[in-house]
Structures are given as C-alpha cells and as structure tokens.
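Structure below is structure_13.cif: mmCIF, C-alpha atoms.
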data_upload
loop_
_atom_site.group_PDB
_atom_site.id
_atom_site.type_symbol
_atom_site.label_atom_id
_atom_site.label_comp_id
_atom_site.auth_asym_id
_atom_site.auth_seq_id
_atom_site.Cartn_x
_atom_site.Cartn_y
_atom_site.Cartn_z
ATOM 1 C CA ALA A 1 -6.413 4.185 -19.891
ATOM 2 C CA GLY A 2 -9.952 4.317 -21.235
ATOM 3 C CA PHE A 3 -11.339 3.598 -17.785
ATOM 4 C CA PHE A 4 -9.111 6.166 -16.054
ATOM 5 C CA SER A 5 -10.010 8.876 -18.560
ATOM 6 C CA GLN A 6 -13.734 8.343 -17.889
ATOM 7 C CA LEU A 7 -13.474 8.866 -14.141
ATOM 8 C CA LYS A 8 -14.919 12.346 -13.754
ATOM 9 C CA ASN A 9 -16.818 14.169 -11.041
ATOM 10 C CA ALA A 10 -20.155 15.980 -11.476
ATOM 11 C CA ASP A 11 -18.295 19.029 -12.834
ATOM 12 C CA GLY A 12 -16.570 16.947 -15.505
ATOM 13 C CA LYS A 13 -13.145 17.120 -13.850
ATOM 14 C CA LEU A 14 -10.948 14.030 -13.743
ATOM 15 C CA VAL A 15 -10.965 12.163 -10.449
ATOM 16 C CA PRO A 16 -7.496 11.377 -9.056
ATOM 17 C CA VAL A 17 -6.751 7.668 -8.727
ATOM 18 C CA ILE A 18 -4.013 5.914 -6.795
ATOM 19 C CA PHE A 19 -2.554 3.385 -9.230
ATOM 20 C CA ARG A 20 -0.410 0.643 -7.661
ATOM 21 C CA PRO A 21 1.010 -1.457 -10.481
ATOM 22 C CA PHE A 22 3.494 -4.300 -10.036
ATOM 23 C CA HIS A 23 3.210 -4.392 -6.239
ATOM 24 C CA GLU A 24 5.110 -6.758 -3.923
ATOM 25 C CA ASN A 25 8.008 -6.558 -6.379
ATOM 26 C CA ASN A 26 10.558 -7.829 -3.845
ATOM 27 C CA GLY A 27 8.741 -11.182 -3.597
ATOM 28 C CA ASN A 28 8.861 -14.162 -5.948
ATOM 29 C CA TRP A 29 5.141 -14.816 -6.531
ATOM 30 C CA PHE A 30 4.439 -12.415 -9.460
ATOM 31 C CA TRP A 31 6.088 -12.423 -12.884
ATOM 32 C CA TRP A 32 7.520 -8.957 -12.176
ATOM 33 C CA GLY A 33 8.953 -10.080 -8.836
ATOM 34 C CA LYS A 34 12.487 -10.578 -7.654
ATOM 35 C CA GLY A 35 12.724 -14.182 -8.773
ATOM 36 C CA HIS A 36 11.519 -13.479 -12.301
ATOM 37 C CA CYS A 37 13.100 -10.220 -13.438
ATOM 38 C CA THR A 38 16.140 -8.154 -12.568
ATOM 39 C CA PRO A 39 15.980 -4.739 -10.875
ATOM 40 C CA ALA A 40 16.839 -3.138 -14.239
ATOM 41 C CA GLU A 41 14.016 -5.036 -15.984
ATOM 42 C CA TYR A 42 11.560 -4.056 -13.263
ATOM 43 C CA THR A 43 12.597 -0.398 -13.451
ATOM 44 C CA ALA A 44 12.236 -0.424 -17.245
ATOM 45 C CA LEU A 45 8.766 -2.005 -16.945
ATOM 46 C CA TRP A 46 7.646 0.627 -14.425
ATOM 47 C CA ARG A 47 8.997 3.541 -16.429
ATOM 48 C CA PHE A 48 7.466 2.223 -19.652
ATOM 49 C CA THR A 49 4.061 1.895 -17.970
ATOM 50 C CA VAL A 50 4.122 5.416 -16.542
ATOM 51 C CA SER A 51 5.453 6.921 -19.763
ATOM 52 C CA TYR A 52 2.925 5.096 -21.906
ATOM 53 C CA LEU A 53 -0.054 6.124 -19.771
ATOM 54 C CA ARG A 54 1.109 9.672 -19.048
ATOM 55 C CA ASP A 55 2.952 10.700 -22.216
ATOM 56 C CA SER A 56 1.455 8.543 -24.982
ATOM 57 C CA LEU A 57 -2.152 8.219 -23.803
ATOM 58 C CA HIS A 58 -2.278 11.519 -21.852
ATOM 59 C CA ILE A 59 -3.691 10.065 -18.637
ATOM 60 C CA HIS A 60 -2.945 12.683 -15.986
ATOM 61 C CA ASN A 61 -5.202 11.735 -13.082
ATOM 62 C CA LEU A 62 -3.022 8.952 -11.673
ATOM 63 C CA LEU A 63 -0.868 8.973 -8.576
ATOM 64 C CA TYR A 64 1.672 6.158 -8.947
ATOM 65 C CA ALA A 65 2.228 4.085 -5.803
ATOM 66 C CA TYR A 66 5.459 2.094 -5.588
ATOM 67 C CA SER A 67 4.729 -0.724 -3.179
ATOM 68 C CA THR A 68 6.982 -3.516 -1.967
ATOM 69 C CA ASP A 69 6.175 -6.380 0.319
ATOM 70 C CA MET A 70 7.751 -6.283 3.796
ATOM 71 C CA PHE A 71 11.384 -5.158 3.867
ATOM 72 C CA GLU A 72 14.130 -4.918 6.448
ATOM 73 C CA THR A 73 16.481 -2.249 5.116
ATOM 74 C CA ARG A 74 16.347 0.924 3.084
ATOM 75 C CA GLU A 75 18.587 -0.699 0.465
ATOM 76 C CA GLN A 76 16.218 -3.640 0.113
ATOM 77 C CA TYR A 77 13.282 -1.272 -0.359
ATOM 78 C CA LEU A 78 15.055 0.843 -2.972
ATOM 79 C CA GLU A 79 16.572 -2.060 -4.946
ATOM 80 C CA ARG A 80 13.840 -1.828 -7.611
ATOM 81 C CA TYR A 81 12.776 1.780 -7.061
ATOM 82 C CA PRO A 82 12.212 3.390 -10.496
ATOM 83 C CA GLY A 83 13.168 6.913 -9.387
ATOM 84 C CA ASP A 84 11.531 10.000 -7.942
ATOM 85 C CA ALA A 85 10.308 11.262 -11.329
ATOM 86 C CA TRP A 86 8.256 8.079 -11.760
ATOM 87 C CA VAL A 87 6.639 7.678 -8.328
ATOM 88 C CA ASP A 88 4.195 9.727 -6.225
ATOM 89 C CA ILE A 89 3.607 7.419 -3.254
ATOM 90 C CA LEU A 90 6.064 5.222 -1.368
ATOM 91 C CA GLY A 91 4.229 2.268 0.090
ATOM 92 C CA CYS A 92 4.677 -1.178 1.505
ATOM 93 C CA GLU A 93 2.482 -4.130 2.316
ATOM 94 C CA ASN A 94 2.582 -5.722 5.713
ATOM 95 C CA TYR A 95 -0.034 -8.058 7.106
ATOM 96 C CA TRP A 96 1.938 -10.139 9.552
ATOM 97 C CA ASP A 97 3.581 -7.586 11.807
ATOM 98 C CA PHE A 98 0.308 -5.900 12.776
ATOM 99 C CA GLN A 99 -1.479 -9.127 13.704
ATOM 100 C CA SER A 100 0.431 -9.865 16.896
ATOM 101 C CA GLY A 101 1.427 -7.585 19.722
ATOM 102 C CA SER A 102 4.880 -9.167 19.767
ATOM 103 C CA SER A 103 5.730 -8.179 16.171
ATOM 104 C CA ILE A 104 4.098 -4.747 15.896
ATOM 105 C CA SER A 105 7.440 -3.074 16.590
ATOM 106 C CA ASN A 106 8.764 -4.653 13.344
ATOM 107 C CA GLY A 107 5.917 -3.068 11.388
ATOM 108 C CA ILE A 108 6.487 0.304 13.041
ATOM 109 C CA THR A 109 10.216 0.139 12.250
ATOM 110 C CA GLN A 110 9.323 -0.529 8.618
ATOM 111 C CA LEU A 111 6.870 2.396 8.540
ATOM 112 C CA ASN A 112 9.514 4.650 10.105
ATOM 113 C CA MET A 113 11.931 3.844 7.280
ATOM 114 C CA LEU A 114 9.159 4.359 4.729
ATOM 115 C CA VAL A 115 8.075 7.746 6.121
ATOM 116 C CA THR A 116 11.706 8.886 6.298
ATOM 117 C CA MET A 117 12.380 7.911 2.663
ATOM 118 C CA ALA A 118 9.127 9.510 1.499
ATOM 119 C CA THR A 119 9.838 12.743 3.378
ATOM 120 C CA GLN A 120 13.339 12.949 1.919
ATOM 121 C CA ARG A 121 11.871 12.604 -1.576
ATOM 122 C CA LYS A 122 8.843 14.869 -0.968
ATOM 123 C CA LYS A 123 6.505 11.925 -1.549
ATOM 124 C CA ILE A 124 3.473 10.498 0.213
ATOM 125 C CA ALA A 125 3.980 7.499 2.514
ATOM 126 C CA ALA A 126 1.318 4.806 2.897
ATOM 127 C CA LEU A 127 0.687 1.320 4.214
ATOM 128 C CA THR A 128 -0.602 0.195 0.837
ATOM 129 C CA GLU A 129 -1.896 -3.215 1.883
ATOM 130 C CA CYS A 130 -2.503 -4.744 5.282
ATOM 131 C CA GLY A 131 -5.169 -6.521 7.257
ATOM 132 C CA PHE A 132 -6.112 -9.534 9.300
ATOM 133 C CA ASN A 133 -8.137 -12.207 7.519
ATOM 134 C CA GLY A 134 -11.348 -12.800 9.433
ATOM 135 C CA ILE A 135 -10.331 -10.165 12.008
ATOM 136 C CA PRO A 136 -10.356 -12.644 14.911
ATOM 137 C CA VAL A 137 -9.309 -10.023 17.491
ATOM 138 C CA LYS A 138 -12.261 -7.928 18.681
ATOM 139 C CA ASN A 139 -10.243 -4.714 19.225
ATOM 140 C CA TRP A 140 -7.658 -5.196 16.442
ATOM 141 C CA TRP A 141 -8.486 -1.947 14.635
ATOM 142 C CA THR A 142 -7.959 0.421 17.563
ATOM 143 C CA GLN A 143 -5.592 -1.474 19.868
ATOM 144 C CA TYR A 144 -3.251 -3.149 17.385
ATOM 145 C CA LEU A 145 -3.342 -1.099 14.186
ATOM 146 C CA LEU A 146 -4.337 2.435 15.217
ATOM 147 C CA LYS A 147 -2.711 2.580 18.647
ATOM 148 C CA SER A 148 0.673 1.383 17.408
ATOM 149 C CA MET A 149 0.784 3.981 14.644
ATOM 150 C CA ARG A 150 -0.600 6.833 16.707
ATOM 151 C CA GLU A 151 2.009 6.314 19.426
ATOM 152 C CA ASP A 152 4.937 6.552 17.015
ATOM 153 C CA SER A 153 5.984 10.039 15.909
ATOM 154 C CA LEU A 154 7.046 8.883 12.418
ATOM 155 C CA ALA A 155 4.620 6.047 11.652
ATOM 156 C CA ARG A 156 1.639 8.315 12.367
ATOM 157 C CA ASN A 157 2.618 10.322 9.272
ATOM 158 C CA ILE A 158 1.447 7.758 6.740
ATOM 159 C CA SER A 159 -1.246 9.222 4.529
ATOM 160 C CA TYR A 160 -3.467 6.169 4.429
ATOM 161 C CA LEU A 161 -3.656 2.446 4.888
ATOM 162 C CA MET A 162 -5.594 0.001 2.781
ATOM 163 C CA VAL A 163 -6.928 -3.373 3.865
ATOM 164 C CA TRP A 164 -7.497 -6.166 1.395
ATOM 165 C CA ARG A 165 -10.853 -7.107 -0.064
ATOM 166 C CA ASN A 166 -13.736 -9.115 1.273
ATOM 167 C CA THR A 167 -14.142 -12.237 -0.857
ATOM 168 C CA ASN A 168 -16.876 -13.900 1.186
ATOM 169 C CA ARG A 169 -17.769 -14.631 4.831
ATOM 170 C CA LYS A 170 -14.724 -16.898 5.160
ATOM 171 C CA GLN A 171 -12.109 -14.598 3.625
ATOM 172 C CA TYR A 172 -12.611 -10.958 4.540
ATOM 173 C CA PHE A 173 -10.558 -8.032 5.824
ATOM 174 C CA THR A 174 -13.270 -5.490 6.666
ATOM 175 C CA PRO A 175 -15.955 -6.492 9.166
ATOM 176 C CA PHE A 176 -19.606 -6.842 8.308
ATOM 177 C CA GLN A 177 -22.512 -6.065 10.641
ATOM 178 C CA GLY A 178 -22.399 -8.461 13.569
ATOM 179 C CA GLN A 179 -18.758 -9.489 13.068
ATOM 180 C CA LYS A 180 -16.854 -9.372 16.401
ATOM 181 C CA SER A 181 -14.679 -6.354 15.409
ATOM 182 C CA ALA A 182 -17.440 -4.308 13.735
ATOM 183 C CA SER A 183 -17.889 -1.771 16.554
ATOM 184 C CA ASP A 184 -14.113 -1.418 16.908
ATOM 185 C CA PHE A 185 -13.846 -0.785 13.166
ATOM 186 C CA ILE A 186 -16.403 2.027 13.495
ATOM 187 C CA ALA A 187 -14.351 3.551 16.335
ATOM 188 C CA PHE A 188 -11.223 3.217 14.164
ATOM 189 C CA GLU A 189 -12.915 4.941 11.225
ATOM 190 C CA LYS A 190 -14.182 7.803 13.384
ATOM 191 C CA ASP A 191 -10.789 8.483 14.962
ATOM 192 C CA SER A 192 -9.290 11.731 13.700
#
Can the structure in the file be given as structure tokens, please?
Amino acid sequence: AGFFSQLKNADGKLVPVIFRPFHENNGNWFWWGKGHCTPAEYTALWRFTVSYLRDSLHIHNLLYAYSTDMFETREQYLERYPGDAWVDILGCENYWDFQSGSSISNGITQLNMLVTMATQRKKIAALTECGFNGIPVKNWWTQYLLKSMREDSLARNISYLMVWRNTNRKQYFTPFQGQKSASDFIAFEKDS
C-alpha cells in the first residue's frame, strides 16, 4: 500500500497500476490454488485484499486483475471468481497454446470465452501472462501470437498481453539485441 500510494506522475497524480494478486488460482502450485483452498476461501481472500487496500488503506489507483491459468469452460473460469464488484480485468495465463501452430486454436477459443465474459460484465479482457521461453521461433511474435489474435474477431479485443520476465540469457521471454526473434518483436511492437 505504501508503494502504491507513492506512484505519482510529474503533476502529483496517482499512477494507475494493474494489480494481479493470487493468479493461476485454478492450479495446485500456489497456497491459494485449487488444491490448497476452497472456492469460498479463495473468494474471501480476494475480497479481503481488495477491501483492505481500497477501504481501509484508501488505495484507489489499482485495477484488480483476476487471472486464472488455462481453462476449458466458462464454469471452470468462474469457479473462484470473486464477483464483478471486486474485479476490473478478466485475464488468463496461457503459454502452451501459443507456442505451436497446432494448438493456437485452443488459445483463441479460451480468449473468445474470456472476451465474451468480460464484455458481459463491462470489464477489460487481457492475456495476463504468456510467452515462449528463449523464443526459439524467429517469427513467433507476428506469425504465431499477433496473427492468430488479429484474425479472430473476438480474441483481437483483448486490451493487452504480458510476457513473463527475463531472468538471464538462458531464461527469457523478451528478446535482446541479436536474439533470433528481435526484429520480429520490433515489428510486433510497432503493429497498430
């Protein structure tokens, strides 16, 4: 809360921040995940966090992103959804489906469901975590990721996508100068 309240622009106005707590909640690898807490416990945790930051500490520059791991049905996605009053962005994380031409349609189907649910709730839709470790495909940015979303009338309506971090030259998700997909990444970034 202290950090968020200090994020101000040159005019002293608070900078909006997308806050994505307790992500991948439908997986078993985090303590807040499906294997470690019930949907009711997860919902209570989410609502407490938002209420504490917003109502008790008066932090009002956060956009709350609800973000699951990959999902197959609307019901699976919404199983732990804390409610429209507690969420600003509907997101999901999907690395695997956008790494191979044969599974991209699965990722697009997932984004279609996400955009539909977000539109119905008057929320923002986003691919909140994706990427390809080491980006071994030279044209992955424009021909796998961008092209597949652009060609779909629903998937193209996501507000943003976020790739994971660069740890070092062996584990990275954004190319560096000289990396085989660097020029394709620049073309991706410049695409309207």
Compile the contact shell of range 148-155 of chain A as a PyMOL selection string: residues with an atom at most 7 Å away, counting all atoms listed in the file, same-chain residues fewer than 5 positions apart removed. chain A and resi 108+111-112+115
Print the selection's residues with C-alpha atoms to a file, as a PDB file, keeping the file's coordinate frame.
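File written: selection.pdb
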ATOM      1  CA  ILE A 108       6.487   0.304  13.041  1.00  0.00           C
ATOM      2  CA  LEU A 111       6.870   2.396   8.540  1.00  0.00           C
ATOM      3  CA  ASN A 112       9.514   4.650  10.105  1.00  0.00           C
ATOM      4  CA  VAL A 115       8.075   7.746   6.121  1.00  0.00           C
TER       5      VAL A 115
END
Leaving out range 17-29 of chain A and any residue of its chain fewer than 3 positions from it, which residues lie within 8 Å of it when counting only C-alpha atoms, given as a list in words? Phe4, Trp32, Gly33, Lys34, Gly35, His36, Trp46, Asn61, Leu62, Leu63, Tyr64, Ala65, Tyr66, Ser67, Thr68, Asp69, Tyr77, Arg80, Cys92 and Glu93 of chain A
So what do you get for CA of Gln177 in chain A versus CA of Val137 in chain A, distance-wise? 15.4 Å
Please provide as an NGL selection string all residues within 12 Å of Ala187 in chain A, with the sequence filter that same-chain residues fewer than 5 positions apart are discarded (counting all atoms listed in the file). :A and (138-143 or 146-147 or 181-182 or 192)
Go ahead and dump the residues you just picked, C-alpha atoms, as a PDB file, in the frame of the given file.
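Listing of out_2.pdb after writing:
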ATOM      1  CA  LYS A 138     -12.261  -7.928  18.681  1.00  0.00           C
ATOM      2  CA  ASN A 139     -10.243  -4.714  19.225  1.00  0.00           C
ATOM      3  CA  TRP A 140      -7.658  -5.196  16.442  1.00  0.00           C
ATOM      4  CA  TRP A 141      -8.486  -1.947  14.635  1.00  0.00           C
ATOM      5  CA  THR A 142      -7.959   0.421  17.563  1.00  0.00           C
ATOM      6  CA  GLN A 143      -5.592  -1.474  19.868  1.00  0.00           C
ATOM      7  CA  LEU A 146      -4.337   2.435  15.217  1.00  0.00           C
ATOM      8  CA  LYS A 147      -2.711   2.580  18.647  1.00  0.00           C
ATOM      9  CA  SER A 181     -14.679  -6.354  15.409  1.00  0.00           C
ATOM     10  CA  ALA A 182     -17.440  -4.308  13.735  1.00  0.00           C
ATOM     11  CA  SER A 192      -9.290  11.731  13.700  1.00  0.00           C
TER      12      SER A 192
END
So which residues get picked by the PyMOL selection byres ((chain A and resi 99) around 8) here, written as a PyMOL selection string? chain A and resi 95-98+100-101+103-104+131-132+140+144
Using only C-alpha atoms, the residue out of A:Gly91, A:Leu14, A:Ser5, A:Ser102 with shortest distance to His58 in chain A is A:Ser5
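Selection by the PyMOL selection byres ((chain A and resi 6) around 12) on the present file picks out Ala1, Gly2, Phe3, Phe4, Ser5, Leu7, Lys8, Asn9, Ala10, Gly12, Lys13, Leu14, Val15, Pro16, Val17, Ile59, His60 and Asn61 of chain A.
A straight line drawn from CA of Met70 in chain A to CA of Pro82 in chain A is 17.8 Å long.
Between CA of Thr49 in chain A and CA of Lys123 in chain A the separation is 19.4 Å.
For the set A:Asn166, A:Ser105, A:Asn94, A:Thr73, the residue with the smallest atom-to-atom gap to Met117 in chain A is A:Thr73, counting all atoms listed in the file.
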Once you add 4 Å to each side, what are the centre and edge lengths of the axis-aligned box holding all listed atoms of range 1-8 of chain A? One decimal in Å, as JSON, if you can.
{"center_x": -10.7, "center_y": 8.0, "center_z": -17.5, "size_x": 16.5, "size_y": 16.7, "size_z": 15.5}
Which residues come within 12 Å of Gln179 in chain A, counting all atoms listed in the file, excluding same-chain residues fewer than 5 positions away, as number ranges by chain? A: 134-139, 169-170, 172-174, 184-186
